[in-house]
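Here is the structure we will look at, set down as structure tokens.
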Amino acid sequence: MTHSTHSYVHDPRNETIVIDINGEMFPRNEAKISVFDSGFILGDGVWEGLRVHPGPDGKGVIAFLDRHLKRLWEGAKTLDFDMGLTKDALRERLYKCLDANSAHEGVHIRLMVSRGVKSTPYQDPRATITPPTIVIIPEFKRPAPETATNGKRLFTVHVRRGYPDVQDQKLNSHSKLNCIMACIQATKAGADEALMLDPHGFVATCNSTHFFIVKDGELWTSSGDYCIGGITRGAILEVARADGITAREKNFSVHDVYGAEEAFITGTFAGVTPVSEIDGRRISAGRGPMVERLQSLYKARVAKDIAKGR
């Protein structure tokens, strides 16, 4: 039996969390949105996954929040709707929700913004009659302990990351059917995650994480033309280069992947996760020296950001 790359440790506190909907707190079992909401009807919205660590005063601090909010606002602009509040106001709302849950460590936030409620179930944005719906779900979620050391298994799927004139893959939208179909195919093949190619057959990304290989001592990741601008992906490229590691964003094929010394995936939830097998080809026994080095560098980079406090 396989496990998702987002496997986490069960925490009973999640049963009693309070969730923020448009600035109002609701117990988990009472948190509801309208059936006419754009996100529910059409997947019309943008979202962010945020990681929380204890700050200098012990209160939870969201790592790389400025970068996440920048990406969120850019997504809303692409979808042509106004967020209805400032970045500072949303920042305040996020921390108010964390404090209401005493959620200061080992916390993952799902921040979701839809265009708003419709007057009728119709795709035209002009049928929207309310400001955007903003939902903040903070959960006590720690990655499964083995995630950092045991390698995950990937499967290259036929579902592609498409051209931006069809649906721009750089947009972190609620509409994730492309990724879901890839995930289903990988799961049916007995893998933990899907490796997805771009329209030209080059490696693009995974269905819910970003993908890297170690080739001749260098880091390779995709050109970035067919995947969202990953916050963790960007941080890994920064810390690697600062530490003297050659890190390239380039086109490469599954042939290059099969011959890699190491492979790993990155994401806000688990950071840097080793990959041991791709399409039945053994890459490594688990965490290799480069992955271990990058995990340490990334941990230090997160700590630097958290040290700034809220």
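Chain labels run A, B, ... following the order of the structure tokens; each chain numbers its residues from 1, and ligands are numbered from 1 in the order shown.
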
Polymer residues at most 8 Å from stretch 42-47 of chain A, only C-alpha atoms, same-chain spacing of 3 or more positions, as a PDB file with N, CA and C atoms, in the first residue's frame:
ATOM      1  N   SER A  38     -18.563  30.580  -5.963  1.00  0.00           N
ATOM      2  CA  SER A  38     -17.818  30.387  -7.209  1.00  0.00           C
ATOM      3  C   SER A  38     -16.806  29.239  -7.108  1.00  0.00           C
ATOM      4  N   GLY A  39     -16.192  29.098  -5.938  1.00  0.00           N
ATOM      5  CA  GLY A  39     -15.216  28.030  -5.766  1.00  0.00           C
ATOM      6  C   GLY A  39     -15.854  26.666  -5.840  1.00  0.00           C
ATOM      7  N   LEU A  72      -0.589  34.947  -4.218  1.00  0.00           N
ATOM      8  CA  LEU A  72      -2.047  34.948  -4.107  1.00  0.00           C
ATOM      9  C   LEU A  72      -2.650  36.153  -4.815  1.00  0.00           C
ATOM     10  N   GLY A  75      -2.458  35.874  -8.529  1.00  0.00           N
ATOM     11  CA  GLY A  75      -3.464  34.952  -9.038  1.00  0.00           C
ATOM     12  C   GLY A  75      -4.824  35.603  -9.138  1.00  0.00           C
ATOM     13  N   ALA A  76      -5.193  36.369  -8.111  1.00  0.00           N
ATOM     14  CA  ALA A  76      -6.482  37.062  -8.122  1.00  0.00           C
ATOM     15  C   ALA A  76      -6.536  38.092  -9.260  1.00  0.00           C
ATOM     16  N   LEU A  79      -7.227  36.340 -12.461  1.00  0.00           N
ATOM     17  CA  LEU A  79      -8.639  35.966 -12.542  1.00  0.00           C
ATOM     18  C   LEU A  79      -9.557  37.194 -12.540  1.00  0.00           C
ATOM     19  N   ARG A 110      -4.506  26.034   5.174  1.00  0.00           N
ATOM     20  CA  ARG A 110      -5.049  26.098   3.807  1.00  0.00           C
ATOM     21  C   ARG A 110      -5.818  27.408   3.711  1.00  0.00           C
ATOM     22  N   LEU A 111      -5.302  28.318   2.900  1.00  0.00           N
ATOM     23  CA  LEU A 111      -5.923  29.620   2.691  1.00  0.00           C
ATOM     24  C   LEU A 111      -6.568  29.614   1.317  1.00  0.00           C
ATOM     25  N   MET A 112      -7.885  29.754   1.281  1.00  0.00           N
ATOM     26  CA  MET A 112      -8.632  29.649   0.028  1.00  0.00           C
ATOM     27  C   MET A 112      -9.437  30.916  -0.229  1.00  0.00           C
ATOM     28  N   VAL A 113      -9.374  31.389  -1.457  1.00  0.00           N
ATOM     29  CA  VAL A 113     -10.112  32.583  -1.847  1.00  0.00           C
ATOM     30  C   VAL A 113     -10.860  32.291  -3.149  1.00  0.00           C
ATOM     31  N   SER A 114     -12.179  32.407  -3.112  1.00  0.00           N
ATOM     32  CA  SER A 114     -12.971  32.262  -4.339  1.00  0.00           C
ATOM     33  C   SER A 114     -13.469  33.641  -4.767  1.00  0.00           C
ATOM     34  N   ARG A 115     -13.971  33.712  -5.987  1.00  0.00           N
ATOM     35  CA  ARG A 115     -14.470  34.993  -6.504  1.00  0.00           C
ATOM     36  C   ARG A 115     -15.634  35.520  -5.659  1.00  0.00           C
ATOM     37  N   GLN A 123     -21.200  30.505 -15.113  1.00  0.00           N
ATOM     38  CA  GLN A 123     -19.771  30.792 -15.067  1.00  0.00           C
ATOM     39  C   GLN A 123     -19.412  32.261 -15.234  1.00  0.00           C
ATOM     40  N   LEU A 171      -0.730  29.439 -12.566  1.00  0.00           N
ATOM     41  CA  LEU A 171      -1.832  29.940 -11.749  1.00  0.00           C
ATOM     42  C   LEU A 171      -2.238  28.880 -10.720  1.00  0.00           C
ATOM     43  N   ASN A 172      -2.147  29.229  -9.448  1.00  0.00           N
ATOM     44  CA  ASN A 172      -2.487  28.289  -8.374  1.00  0.00           C
ATOM     45  C   ASN A 172      -3.994  28.371  -8.102  1.00  0.00           C
ATOM     46  N   SER A 173      -4.762  27.836  -9.029  1.00  0.00           N
ATOM     47  CA  SER A 173      -6.220  27.978  -8.965  1.00  0.00           C
ATOM     48  C   SER A 173      -6.879  26.826  -8.214  1.00  0.00           C
ATOM     49  N   HIS A 174      -8.134  27.029  -7.859  1.00  0.00           N
ATOM     50  CA  HIS A 174      -8.907  25.960  -7.223  1.00  0.00           C
ATOM     51  C   HIS A 174      -9.156  24.802  -8.175  1.00  0.00           C
ATOM     52  N   SER A 175      -9.158  25.083  -9.453  1.00  0.00           N
ATOM     53  CA  SER A 175      -9.428  24.051 -10.439  1.00  0.00           C
ATOM     54  C   SER A 175      -8.192  23.171 -10.617  1.00  0.00           C
TER      55      SER A 175
END

Check: Just asking: which residues within stretch 137-305 of chain A are alpha helix (DSSP H) according to DSSP, as an MDAnalysis selection string?
Finding: chainID A and resid 164:167 177:188 231:242 254:258 289:305

Next item on the list: Can you pull out every residue within 9 Å of A:Tyr8, counting only C-alpha atoms, but drop anything in the same chain fewer than 5 positions away, and send it as a ChimeraX atom specification?
Entry: /A:141-145,147

Note to self: Restricting the calculation to only C-alpha atoms: of A:Tyr298, A:Asp216, A:His255, A:Ile228, which residue gets closest to A:Ala240?
What the structure shows: A:Tyr298
